file target-v8.txt (compact mmCIF, C-alpha atoms)
# COMPACT_ATOMS: atom_id res chain seq x y z
CA MET A 1 -27.74 -31.74 7.15
CA THR A 2 -27.93 -34.69 4.79
CA ASP A 3 -31.17 -35.86 3.17
CA ASP A 4 -30.74 -39.26 4.83
CA LEU A 5 -30.46 -37.71 8.29
CA TRP A 6 -33.48 -35.48 7.74
CA ARG A 7 -35.64 -38.28 6.42
CA SER A 8 -34.69 -40.59 9.27
CA VAL A 9 -35.62 -38.09 11.98
CA THR A 10 -38.62 -36.46 10.25
CA PRO A 11 -41.32 -38.86 11.53
CA GLN A 12 -39.85 -38.75 15.04
CA VAL A 13 -39.81 -34.94 15.10
CA ILE A 14 -43.34 -34.64 13.71
CA GLY A 15 -44.54 -37.43 15.97
CA ALA A 16 -43.13 -35.78 19.09
CA LEU A 17 -44.76 -32.48 18.18
CA VAL A 18 -48.12 -34.03 17.32
CA ARG A 19 -48.09 -36.11 20.49
CA ARG A 20 -47.42 -33.02 22.59
CA TYR A 21 -49.57 -30.42 20.81
CA ARG A 22 -52.25 -32.60 19.17
CA ASP A 23 -52.26 -30.67 15.89
CA PHE A 24 -50.96 -32.55 12.85
CA ASP A 25 -51.03 -29.59 10.47
CA ARG A 26 -49.21 -27.21 12.84
CA ALA A 27 -46.70 -29.87 13.84
CA GLU A 28 -45.77 -30.66 10.25
CA GLU A 29 -45.33 -26.96 9.44
CA ALA A 30 -43.25 -26.41 12.59
CA ALA A 31 -41.02 -29.34 11.67
CA GLN A 32 -40.43 -27.83 8.24
CA GLU A 33 -39.56 -24.47 9.82
CA ALA A 34 -37.10 -26.23 12.11
CA LEU A 35 -35.47 -27.78 9.06
CA LEU A 36 -35.12 -24.38 7.42
CA ALA A 37 -33.55 -23.04 10.59
CA ALA A 38 -31.12 -25.97 10.63
CA ALA A 39 -30.20 -25.37 6.99
CA ALA A 40 -29.37 -21.76 7.82
CA GLN A 41 -27.54 -22.27 11.13
CA TRP A 42 -25.77 -25.62 10.99
CA PRO A 43 -23.38 -24.85 8.13
CA GLU A 44 -21.92 -22.03 10.27
CA GLU A 45 -22.43 -23.37 13.80
CA GLY A 46 -21.99 -27.11 13.12
CA VAL A 47 -24.41 -30.01 13.48
CA PRO A 48 -25.62 -30.42 17.10
CA VAL A 49 -24.69 -33.49 19.08
CA ASP A 50 -28.36 -34.56 19.01
CA PRO A 51 -29.86 -33.19 15.75
CA LYS A 52 -33.29 -34.65 16.47
CA ALA A 53 -33.60 -33.04 19.91
CA TRP A 54 -32.49 -29.73 18.39
CA LEU A 55 -35.16 -29.96 15.67
CA ILE A 56 -37.84 -30.91 18.20
CA ARG A 57 -36.89 -28.00 20.44
CA VAL A 58 -36.88 -25.43 17.62
CA GLY A 59 -40.07 -26.88 16.11
CA SER A 60 -41.75 -26.73 19.49
CA ARG A 61 -40.84 -23.06 19.87
CA ARG A 62 -42.18 -22.26 16.40
CA LEU A 63 -45.39 -24.11 17.12
CA ILE A 64 -45.91 -22.39 20.46
CA ASP A 65 -45.38 -19.00 18.83
CA ALA A 66 -47.93 -19.87 16.14
CA LEU A 67 -50.48 -21.03 18.70
CA ARG A 68 -50.06 -17.90 20.78
CA SER A 69 -50.57 -15.67 17.75
CA ASP A 70 -53.74 -17.45 16.76
CA GLU A 71 -56.33 -16.39 19.35
CA ALA A 72 -59.14 -18.26 17.68
CA ARG A 73 -57.12 -21.43 17.74
CA ALA A 74 -56.30 -20.87 21.41
CA ARG A 75 -60.00 -20.55 22.24
CA ARG A 76 -60.77 -23.83 20.49
CA GLU A 77 -57.93 -25.54 22.33
CA LEU A 78 -59.26 -24.24 25.63
CA ALA A 79 -62.78 -25.40 24.83
CA ASP A 80 -61.50 -28.85 23.93
CA ALA A 81 -59.41 -29.01 27.08
CA THR A 82 -62.45 -28.54 29.29
CA ARG A 83 -63.98 -31.66 27.81
CA VAL A 84 -60.89 -33.89 28.08
CA PRO A 85 -60.00 -35.71 31.32
CA ALA A 86 -56.93 -34.15 32.92
CA ASP A 87 -54.94 -37.38 32.96
CA SER A 88 -55.17 -37.74 29.17
CA LEU A 89 -53.42 -34.39 28.77
CA VAL A 90 -50.23 -35.71 30.37
CA ALA A 91 -47.63 -36.59 27.75
CA PRO A 92 -43.88 -37.13 27.68
CA SER A 93 -41.73 -34.09 27.09
CA PRO A 94 -41.28 -33.35 23.37
CA TYR A 95 -37.53 -33.27 24.04
CA ALA A 96 -37.46 -36.77 25.49
CA VAL A 97 -35.97 -39.59 23.47
CA GLY A 98 -36.38 -43.30 23.95
CA SER A 99 -38.76 -46.13 23.20
CA SER A 100 -41.61 -43.75 22.30
CA GLU A 101 -39.84 -42.91 19.03
CA GLN A 102 -40.85 -46.18 17.39
CA ASP A 103 -44.42 -45.86 18.65
CA ASP A 104 -44.56 -42.30 17.29
CA THR A 105 -43.39 -43.38 13.84
CA LEU A 106 -45.94 -46.19 13.61
CA THR A 107 -48.71 -43.96 14.96
CA LEU A 108 -47.82 -41.30 12.39
CA LEU A 109 -47.94 -43.87 9.58
CA LEU A 110 -51.35 -45.07 10.71
CA LEU A 111 -52.59 -41.49 10.97
CA CYS A 112 -51.37 -40.66 7.45
CA CYS A 113 -53.28 -43.69 6.16
CA HIS A 114 -56.53 -42.75 7.88
CA PRO A 115 -59.53 -44.48 6.26
CA ALA A 116 -61.22 -41.10 5.67
CA LEU A 117 -58.54 -40.22 3.08
CA THR A 118 -58.42 -41.25 -0.55
CA PRO A 119 -55.54 -43.52 -1.66
CA ALA A 120 -53.91 -40.57 -3.46
CA ALA A 121 -54.12 -38.43 -0.32
CA ARG A 122 -52.66 -41.22 1.84
CA ILE A 123 -49.71 -41.60 -0.52
CA ALA A 124 -49.00 -37.87 -0.60
CA LEU A 125 -49.30 -37.41 3.15
CA THR A 126 -47.16 -40.47 3.93
CA LEU A 127 -44.37 -39.35 1.61
CA ARG A 128 -44.55 -35.82 3.05
CA ALA A 129 -44.79 -36.50 6.78
CA VAL A 130 -43.07 -39.86 7.17
CA GLY A 131 -40.85 -39.94 4.10
CA GLY A 132 -39.62 -36.39 4.51
CA LEU A 133 -39.98 -35.61 0.80
CA THR A 134 -40.71 -32.03 -0.15
CA THR A 135 -43.97 -31.14 -1.83
CA ALA A 136 -42.00 -30.36 -4.99
CA GLU A 137 -40.35 -33.81 -4.95
CA ILE A 138 -43.69 -35.60 -4.55
CA ALA A 139 -45.28 -33.48 -7.29
CA HIS A 140 -42.39 -34.26 -9.63
CA ALA A 141 -42.63 -37.98 -8.93
CA PHE A 142 -46.33 -38.06 -9.79
CA LEU A 143 -46.08 -35.56 -12.66
CA VAL A 144 -48.49 -32.99 -11.24
CA PRO A 145 -47.93 -29.26 -10.55
CA GLU A 146 -46.47 -28.46 -7.15
CA ALA A 147 -49.52 -26.31 -6.34
CA THR A 148 -51.81 -29.26 -7.03
CA MET A 149 -49.83 -31.53 -4.73
CA ALA A 150 -49.71 -28.84 -2.03
CA GLN A 151 -53.50 -28.59 -2.16
CA ARG A 152 -53.81 -32.36 -1.98
CA ILE A 153 -51.62 -32.53 1.12
CA SER A 154 -53.37 -29.59 2.81
CA ARG A 155 -56.75 -31.12 2.08
CA ALA A 156 -55.61 -34.44 3.55
CA LYS A 157 -54.44 -32.80 6.77
CA ARG A 158 -57.68 -30.87 6.98
CA GLN A 159 -59.71 -34.06 6.53
CA ILE A 160 -57.82 -35.74 9.34
CA ARG A 161 -58.48 -32.76 11.59
CA ASP A 162 -62.17 -32.71 10.66
CA THR A 163 -62.59 -36.38 11.55
CA GLY A 164 -61.42 -35.60 15.07
CA ALA A 165 -58.61 -38.15 14.80
CA THR A 166 -55.97 -37.79 17.52
CA PHE A 167 -52.34 -38.82 17.69
CA VAL A 168 -52.89 -42.10 19.49
CA MET A 169 -52.60 -45.72 18.42
CA PRO A 170 -55.92 -47.09 17.17
CA ALA A 171 -57.73 -49.64 19.29
CA PRO A 172 -56.07 -53.08 19.09
CA ASP A 173 -58.94 -54.46 17.00
CA ASP A 174 -58.50 -51.64 14.47
CA VAL A 175 -54.72 -51.91 14.05
CA PRO A 176 -54.72 -54.82 11.54
CA ASP A 177 -57.06 -52.99 9.16
CA ARG A 178 -55.10 -49.76 9.45
CA LEU A 179 -51.82 -51.60 8.97
CA ARG A 180 -53.19 -53.12 5.77
CA GLU A 181 -53.84 -49.59 4.53
CA VAL A 182 -50.25 -48.59 5.36
CA LEU A 183 -48.86 -51.59 3.46
CA HIS A 184 -51.18 -50.88 0.52
CA VAL A 185 -49.95 -47.29 0.34
CA LEU A 186 -46.33 -48.44 0.34
CA TYR A 187 -47.17 -51.05 -2.31
CA LEU A 188 -48.77 -48.36 -4.51
CA VAL A 189 -45.74 -46.10 -4.15
CA PHE A 190 -43.43 -48.94 -5.16
CA THR A 191 -45.66 -50.00 -8.06
CA GLU A 192 -45.71 -46.48 -9.49
CA GLY A 193 -41.94 -46.33 -9.22
CA HIS A 194 -41.42 -49.77 -10.77
CA THR A 195 -43.49 -49.00 -13.88
CA ALA A 196 -44.41 -45.34 -14.10
CA SER A 197 -48.01 -44.97 -15.24
CA THR A 198 -47.20 -41.92 -17.36
CA GLY A 199 -44.22 -40.22 -18.93
CA ASP A 200 -41.21 -41.33 -20.91
CA ALA A 201 -39.36 -43.09 -18.08
CA LEU A 202 -40.03 -46.74 -17.28
CA HIS A 203 -38.78 -46.48 -13.68
CA ARG A 204 -39.03 -43.87 -10.94
CA ILE A 205 -36.07 -44.99 -8.85
CA ASP A 206 -36.75 -42.31 -6.24
CA LEU A 207 -40.16 -43.84 -5.54
CA THR A 208 -39.04 -47.47 -5.40
CA ALA A 209 -36.16 -46.51 -3.11
CA GLU A 210 -38.48 -44.55 -0.81
CA ALA A 211 -41.03 -47.37 -0.71
CA ILE A 212 -38.32 -49.87 0.24
CA ARG A 213 -36.89 -47.50 2.87
CA LEU A 214 -40.27 -46.92 4.52
CA THR A 215 -41.16 -50.62 4.41
CA ARG A 216 -37.84 -51.41 6.10
CA GLN A 217 -38.82 -48.89 8.75
CA VAL A 218 -42.18 -50.59 9.30
CA ARG A 219 -40.40 -53.95 9.50
CA THR A 220 -38.15 -52.54 12.23
CA LEU A 221 -41.26 -51.50 14.13
CA LEU A 222 -43.10 -54.80 13.52
CA PRO A 223 -40.42 -57.49 13.09
CA ASP A 224 -42.83 -60.38 13.68
CA ASP A 225 -45.49 -59.35 11.14
CA GLY A 226 -45.42 -61.77 8.21
CA GLU A 227 -47.13 -59.45 5.73
CA VAL A 228 -44.68 -56.61 6.41
CA ALA A 229 -41.85 -59.06 5.72
CA GLY A 230 -43.69 -60.35 2.66
CA LEU A 231 -44.13 -56.87 1.21
CA LEU A 232 -40.48 -55.98 1.77
CA ALA A 233 -39.43 -59.28 0.17
CA LEU A 234 -41.71 -58.62 -2.82
CA MET A 235 -40.20 -55.17 -3.32
CA LEU A 236 -36.61 -56.44 -3.08
CA LEU A 237 -37.18 -59.40 -5.40
CA THR A 238 -38.85 -57.13 -7.94
CA GLU A 239 -36.33 -54.31 -7.67
CA ALA A 240 -33.51 -56.84 -8.09
CA ARG A 241 -34.45 -57.16 -11.78
CA ARG A 242 -34.47 -53.43 -12.51
CA PRO A 243 -30.93 -53.24 -13.99
CA ALA A 244 -31.96 -55.71 -16.69
CA ARG A 245 -35.45 -54.30 -17.44
CA THR A 246 -34.18 -51.81 -20.01
CA SER A 247 -31.70 -52.13 -22.86
CA ALA A 248 -28.77 -49.80 -23.49
CA ALA A 249 -31.14 -47.81 -25.70
CA GLY A 250 -33.67 -47.51 -22.88
CA GLU A 251 -36.13 -49.98 -24.37
CA LEU A 252 -38.22 -52.24 -22.13
CA VAL A 253 -36.91 -55.81 -21.86
CA PRO A 254 -39.53 -58.40 -20.76
CA LEU A 255 -38.68 -60.87 -17.98
CA ALA A 256 -38.14 -63.83 -20.32
CA GLU A 257 -35.50 -61.91 -22.30
CA GLN A 258 -33.58 -60.29 -19.45
CA ASP A 259 -29.88 -60.89 -18.81
CA ARG A 260 -30.12 -62.44 -15.37
CA THR A 261 -26.46 -61.84 -14.62
CA ARG A 262 -27.40 -58.16 -14.28
CA TRP A 263 -29.89 -58.82 -11.48
CA ASP A 264 -29.01 -57.59 -7.99
CA THR A 265 -28.08 -60.83 -6.24
CA ALA A 266 -27.92 -59.19 -2.80
CA TYR A 267 -31.56 -58.12 -3.12
CA VAL A 268 -32.50 -61.61 -4.33
CA ARG A 269 -30.81 -63.28 -1.35
CA GLU A 270 -32.38 -60.89 1.14
CA GLY A 271 -35.83 -61.19 -0.42
CA VAL A 272 -35.73 -64.98 -0.50
CA ALA A 273 -34.57 -65.14 3.12
CA LEU A 274 -37.34 -62.77 4.24
CA VAL A 275 -40.18 -64.60 2.55
CA THR A 276 -38.85 -68.02 3.55
CA ASP A 277 -38.73 -66.97 7.19
CA ALA A 278 -42.20 -65.39 7.04
CA LEU A 279 -43.78 -68.44 5.39
CA THR A 280 -42.38 -70.78 8.03
CA ARG A 281 -43.37 -68.91 11.17
CA THR A 282 -46.18 -66.40 10.50
CA ARG A 283 -49.76 -66.44 9.31
CA LEU A 284 -49.98 -66.64 5.52
CA GLY A 285 -50.98 -63.48 3.65
CA PRO A 286 -51.20 -62.14 0.07
CA TYR A 287 -47.90 -60.24 0.11
CA GLN A 288 -46.05 -63.36 1.21
CA VAL A 289 -47.56 -65.36 -1.65
CA GLN A 290 -46.67 -62.65 -4.17
CA ALA A 291 -43.13 -62.60 -2.80
CA ALA A 292 -42.95 -66.39 -3.10
CA ILE A 293 -43.95 -66.11 -6.78
CA ALA A 294 -41.27 -63.47 -7.33
CA ALA A 295 -38.75 -65.74 -5.60
CA VAL A 296 -39.54 -68.62 -7.96
CA HIS A 297 -38.80 -66.35 -10.93
CA ASP A 298 -35.66 -64.88 -9.38
CA GLU A 299 -34.19 -68.23 -8.39
CA ALA A 300 -34.68 -69.80 -11.84
CA PRO A 301 -31.32 -69.95 -13.70
CA SER A 302 -33.13 -69.06 -16.93
CA ALA A 303 -36.64 -68.27 -18.16
CA ALA A 304 -36.90 -71.77 -19.64
CA GLU A 305 -36.12 -73.32 -16.25
CA THR A 306 -38.86 -71.43 -14.39
CA ASP A 307 -41.00 -73.76 -12.27
CA TRP A 308 -44.31 -72.71 -13.82
CA GLU A 309 -46.27 -75.44 -12.04
CA GLN A 310 -45.22 -73.93 -8.71
CA VAL A 311 -46.06 -70.44 -9.96
CA LEU A 312 -49.51 -71.66 -11.06
CA ALA A 313 -50.14 -73.28 -7.69
CA LEU A 314 -49.13 -70.09 -5.88
CA TYR A 315 -51.45 -67.97 -8.03
CA GLY A 316 -54.26 -70.39 -7.22
CA LEU A 317 -53.53 -69.82 -3.54
CA LEU A 318 -53.38 -66.05 -4.06
CA GLU A 319 -56.81 -66.12 -5.73
CA GLN A 320 -58.18 -67.66 -2.55
CA LEU A 321 -56.53 -65.08 -0.27
CA ALA A 322 -57.02 -61.95 -2.40
CA PRO A 323 -59.23 -62.62 -5.41
CA GLY A 324 -59.25 -60.05 -8.18
CA PRO A 325 -58.98 -59.64 -11.94
CA VAL A 326 -55.26 -58.82 -11.89
CA VAL A 327 -54.49 -62.02 -9.97
CA THR A 328 -56.62 -64.00 -12.41
CA LEU A 329 -54.81 -62.37 -15.33
CA ASN A 330 -51.46 -63.44 -13.94
CA ARG A 331 -52.77 -66.93 -13.26
CA ALA A 332 -53.83 -67.14 -16.92
CA VAL A 333 -50.21 -66.60 -17.96
CA ALA A 334 -48.99 -69.33 -15.62
CA LEU A 335 -51.76 -71.65 -16.79
CA ALA A 336 -50.74 -71.07 -20.42
CA MET A 337 -47.14 -71.94 -19.60
CA VAL A 338 -48.25 -75.21 -17.97
CA GLU A 339 -51.19 -76.36 -20.11
CA GLY A 340 -50.75 -74.37 -23.29
CA PRO A 341 -51.95 -70.97 -24.63
CA ALA A 342 -55.51 -72.17 -25.30
CA ALA A 343 -56.06 -72.75 -21.57
CA GLY A 344 -54.83 -69.26 -20.75
CA LEU A 345 -56.94 -67.67 -23.49
CA ALA A 346 -60.04 -69.38 -22.09
CA VAL A 347 -59.47 -67.61 -18.76
CA LEU A 348 -58.97 -64.29 -20.56
CA ALA A 349 -62.28 -64.72 -22.37
CA ASP A 350 -64.05 -64.48 -19.02
CA LEU A 351 -61.89 -61.54 -17.90
CA GLU A 352 -62.80 -59.55 -21.01
CA LYS A 353 -66.33 -59.31 -19.58
CA ASP A 354 -65.00 -57.70 -16.37
CA ARG A 355 -65.32 -53.93 -16.68
CA ARG A 356 -62.49 -53.43 -14.17
CA VAL A 357 -59.91 -54.73 -16.65
CA ALA A 358 -61.69 -54.89 -20.01
CA ARG A 359 -59.93 -51.71 -21.18
CA HIS A 360 -56.68 -52.26 -19.28
CA HIS A 361 -53.65 -52.51 -21.54
CA ARG A 362 -52.19 -55.45 -19.64
CA LEU A 363 -55.17 -57.68 -20.43
CA HIS A 364 -54.71 -57.09 -24.15
CA ALA A 365 -50.93 -57.40 -23.94
CA VAL A 366 -51.28 -60.81 -22.29
CA ARG A 367 -53.91 -61.82 -24.84
CA ALA A 368 -51.54 -60.80 -27.64
CA HIS A 369 -48.71 -62.82 -26.12
CA LEU A 370 -50.84 -65.95 -25.78
CA LEU A 371 -52.23 -65.56 -29.31
CA GLU A 372 -48.67 -65.27 -30.58
CA LEU A 373 -47.73 -68.48 -28.74
CA ALA A 374 -50.80 -70.14 -30.31
CA GLY A 375 -49.67 -69.09 -33.79
CA ASP A 376 -52.48 -66.59 -34.45
CA THR A 377 -50.18 -63.76 -35.52
CA GLU A 378 -52.88 -61.56 -37.07
CA GLN A 379 -55.02 -61.44 -33.92
CA ALA A 380 -51.89 -61.12 -31.81
CA ARG A 381 -50.76 -58.09 -33.80
CA GLU A 382 -54.14 -56.38 -33.36
CA SER A 383 -54.09 -57.03 -29.60
CA TYR A 384 -50.54 -55.65 -29.28
CA LEU A 385 -51.59 -52.47 -31.09
CA LEU A 386 -54.70 -52.10 -28.93
CA ALA A 387 -52.61 -52.55 -25.76
CA SER A 388 -50.14 -49.93 -26.96
CA ARG A 389 -52.98 -47.44 -27.44
CA LEU A 390 -54.41 -48.10 -23.98
CA THR A 391 -51.23 -47.65 -21.92
CA THR A 392 -50.03 -44.17 -20.94
CA SER A 393 -46.45 -45.32 -20.33
CA ILE A 394 -44.30 -44.34 -23.31
CA PRO A 395 -41.76 -47.20 -22.84
CA GLU A 396 -44.61 -49.70 -22.74
CA GLN A 397 -46.22 -48.11 -25.81
CA ASP A 398 -42.96 -48.42 -27.74
CA HIS A 399 -42.40 -52.03 -26.63
CA LEU A 400 -45.91 -53.13 -27.61
CA ARG A 401 -45.67 -51.42 -31.00
CA ARG A 402 -42.36 -53.16 -31.66
CA LYS A 403 -43.99 -56.49 -30.80
CA ALA A 404 -46.78 -55.77 -33.27
CA GLU A 405 -44.35 -54.73 -35.99
CA ALA A 406 -42.34 -57.91 -35.51
CA LEU A 407 -45.43 -59.90 -36.46

call {"tool": "encode", "arguments": {"input": "target-v8.txt", "output": "structure tokens"}}
result
Amino acid sequence: MTDDLWRSVTPQVIGALVRRYRDFDRAEEAAQEALLAAAAQWPEEGVPVDPKAWLIRVGSRRLIDALRSDEARARRELADATRVPADSLVAPSPYAVGSSEQDDTLTLLLLCCHPALTPAARIALTLRAVGGLTTAEIAHAFLVPEATMAQRISRAKRQIRDTGATFVMPAPDDVPDRLREVLHVLYLVFTEGHTASTGDALHRIDLTAEAIRLTRQVRTLLPDDGEVAGLLALMLLTEARRPARTSAAGELVPLAEQDRTRWDTAYVREGVALVTDALTRTRLGPYQVQAAIAAVHDEAPSAAETDWEQVLALYGLLEQLAPGPVVTLNRAVALAMVEGPAAGLAVLADLEKDRRVARHHRLHAVRAHLLELAGDTEQARESYLLASRLTTSIPEQDHLRRKAEAL
């Protein structure tokens, strides 16, 4: 069984089991046992005509066996059943296939991003249950021991169970908030893959690819949601530049110095088409604006031909929709490119009082860049060195030190 096949059917298998047996933890374990059974049997017996139905059937048997062997669990199930109306216990057969598959996948995503969980727990559980990644793969991606990640995932499933959450779609009024959490989780996964926060690699291609794959899946489920389209467009337009972000020696190459002929033009075209369509027919949201900014950069023939006035206007709009220090920091760069470095530095002076970013390496890297543009090489050099000490990414450390040495 290929990884692609497993990852495509994983949320549907888990969703069918959770929907039928109402136990997220057991269902996820049963799905994994079904996968192990497939890995042992299919090489000799061949892949079934309907792999998903086979996995659901085997997982269901494993789960039933586990429930029967756990008398305490059976008593709790019986006690719960006496308090639940009989009609709510009726569910489609776990072997059935059809339109419920998409609902199951979306419901599973929303469940994995339950508000009771921390952002780290949401990421881990989403990659495990919906993405189909193994605990070892997730641990490797985030540079933590496998045992630590296993505990994080188990704790997340236990928290969901303790909240009493069930495998049903949230109330219509709650869906937008929960969907925002799903998109935020996918955004965080992509961001970590785009510029790894730690380690000696600039990119984690496995994470960016998984974030794009899952966001495509959400777009399939919600084709008319502008923010889903905006997030996918943002990812594609950003990922398009990855081939040019590092030199042959593995050194970080900033946007202004990248060889744009190495950008992925297919991703650029798709991203531009997505955000253009979303902006013309859906309600405006932050991800769409960020994607529009990325599109301006990607469509510019060269760094010198970037429409910075449009970028500045878009950041002004983004500050209204989703204000925050990172947005203001980016607006300072655009402002400097339009009105000169002094204007950008004035914005940074206010940001330096914000404890959320005062010790963030990006603030000092931007300050160094603007000081360099202003001709203050001594202060620029000090800011580059400070930024290099604050970042935990080795490629970024090396790049910032090289900038300082060049001054």

call {"tool": "residues_around", "arguments": {"input": "target-v8.txt", "residues": "Val327 (chain A)", "least_positions_apart": "3", "cutoff": "10 Å", "atoms": "all atoms listed in the file", "output": "mmCIF file with C-alpha atoms, in the frame of the given file"}}
result
data_model
loop_
_atom_site.group_PDB
_atom_site.id
_atom_site.type_symbol
_atom_site.label_atom_id
_atom_site.label_comp_id
_atom_site.auth_asym_id
_atom_site.auth_seq_id
_atom_site.Cartn_x
_atom_site.Cartn_y
_atom_site.Cartn_z
ATOM 1 C CA GLN A 290 -46.670 -62.650 -4.170
ATOM 2 C CA TYR A 315 -51.450 -67.970 -8.030
ATOM 3 C CA GLY A 316 -54.260 -70.390 -7.220
ATOM 4 C CA LEU A 318 -53.380 -66.050 -4.060
ATOM 5 C CA GLU A 319 -56.810 -66.120 -5.730
ATOM 6 C CA ALA A 322 -57.020 -61.950 -2.400
ATOM 7 C CA PRO A 323 -59.230 -62.620 -5.410
ATOM 8 C CA GLY A 324 -59.250 -60.050 -8.180
ATOM 9 C CA ASN A 330 -51.460 -63.440 -13.940
ATOM 10 C CA ARG A 331 -52.770 -66.930 -13.260
ATOM 11 C CA ALA A 332 -53.830 -67.140 -16.920
#

call {"tool": "closest_residue", "arguments": {"input": "target-v8.txt", "among": "A:Val58, A:Met337, A:Ala343, A:Ala139", "to": "Glu305 (chain A)", "atoms": "all atoms listed in the file"}}
result
A:Met337

call {"tool": "atom_distance", "arguments": {"input": "target-v8.txt", "atom1": "CA of Asp398 (chain A)", "atom2": "CA of Leu202 (chain A)"}}
result
11.0 Å

call {"tool": "atom_distance", "arguments": {"input": "target-v8.txt", "atom1": "CA of Ile394 (chain A)", "atom2": "CA of Asp200 (chain A)"}}
result
4.9 Å

call {"tool": "residues_around", "arguments": {"input": "target-v8.txt", "residues": "His360 (chain A)", "least_positions_apart": "2", "cutoff": "8 Å", "atoms": "all atoms listed in the file", "output": "list in words"}}
result
Arg356, Val357, Ala358, Arg362, Leu363, His364, Ala387, Leu390 and Thr391 of chain A

call {"tool": "closest_residue", "arguments": {"input": "target-v8.txt", "among": "A:Leu36, A:Val272, A:Val49, A:Leu183", "to": "Leu109 (chain A)", "atoms": "all atoms listed in the file"}}
result
A:Leu183

call {"tool": "atom_distance", "arguments": {"input": "target-v8.txt", "atom1": "CA of Asp104 (chain A)", "atom2": "CA of Gly15 (chain A)"}}
result
5.0 Å

call {"tool": "closest_residue", "arguments": {"input": "target-v8.txt", "among": "A:Ala303, A:Arg219, A:Cys112, A:Thr238", "to": "Thr191 (chain A)", "atoms": "only C-alpha atoms"}}
result
A:Thr238

call {"tool": "closest_residue", "arguments": {"input": "target-v8.txt", "among": "A:Thr282, A:Gln258, A:Ser8, A:Thr265", "to": "Asp224 (chain A)", "atoms": "all atoms listed in the file"}}
result
A:Thr282

call {"tool": "axis_aligned_box", "arguments": {"input": "target-v8.txt", "around": "region 41-46 of chain A", "padding_each_side": "8 Å", "output": "JSON"}}
result
{"center_x": -24.7, "center_y": -24.6, "center_z": 11.0, "size_x": 21.6, "size_y": 21.1, "size_z": 21.7}

call {"tool": "residues_around", "arguments": {"input": "target-v8.txt", "residues": "Thr135 (chain A)", "least_positions_apart": "2", "cutoff": "9 Å", "atoms": "all atoms listed in the file", "output": "PyMOL selection string"}}
result
chain A and resi 124+127-128+133+137-140+146-147+149-150+153

call {"tool": "write_last_selection", "arguments": {"input": "target-v8.txt", "atoms": "C-alpha atoms", "output": "PDB file, keeping the file's coordinate frame"}}
result
ATOM      1  CA  ALA A 124     -49.000 -37.870  -0.600  1.00  0.00           C
ATOM      2  CA  LEU A 127     -44.370 -39.350   1.610  1.00  0.00           C
ATOM      3  CA  ARG A 128     -44.550 -35.820   3.050  1.00  0.00           C
ATOM      4  CA  LEU A 133     -39.980 -35.610   0.800  1.00  0.00           C
ATOM      5  CA  GLU A 137     -40.350 -33.810  -4.950  1.00  0.00           C
ATOM      6  CA  ILE A 138     -43.690 -35.600  -4.550  1.00  0.00           C
ATOM      7  CA  ALA A 139     -45.280 -33.480  -7.290  1.00  0.00           C
ATOM      8  CA  HIS A 140     -42.390 -34.260  -9.630  1.00  0.00           C
ATOM      9  CA  GLU A 146     -46.470 -28.460  -7.150  1.00  0.00           C
ATOM     10  CA  ALA A 147     -49.520 -26.310  -6.340  1.00  0.00           C
ATOM     11  CA  MET A 149     -49.830 -31.530  -4.730  1.00  0.00           C
ATOM     12  CA  ALA A 150     -49.710 -28.840  -2.030  1.00  0.00           C
ATOM     13  CA  ILE A 153     -51.620 -32.530   1.120  1.00  0.00           C
TER      14      ILE A 153
END

call {"tool": "closest_residue", "arguments": {"input": "target-v8.txt", "among": "A:Leu207, A:Val347, A:Leu179, A:Leu234", "to": "Leu221 (chain A)", "atoms": "only C-alpha atoms"}}
result
A:Leu179

call {"tool": "residues_near_point", "arguments": {"input": "target-v8.txt", "point": "(-53.6, -62.8, 2.5)", "cutoff": "7 Å", "atoms": "all atoms listed in the file", "output": "MDAnalysis selection string"}}
result
chainID A and resid 284:287 321:322

call {"tool": "closest_residue", "arguments": {"input": "target-v8.txt", "among": "A:Ala334, A:Leu274, A:Leu106, A:Leu351", "to": "Val168 (chain A)", "atoms": "all atoms listed in the file"}}
result
A:Leu106
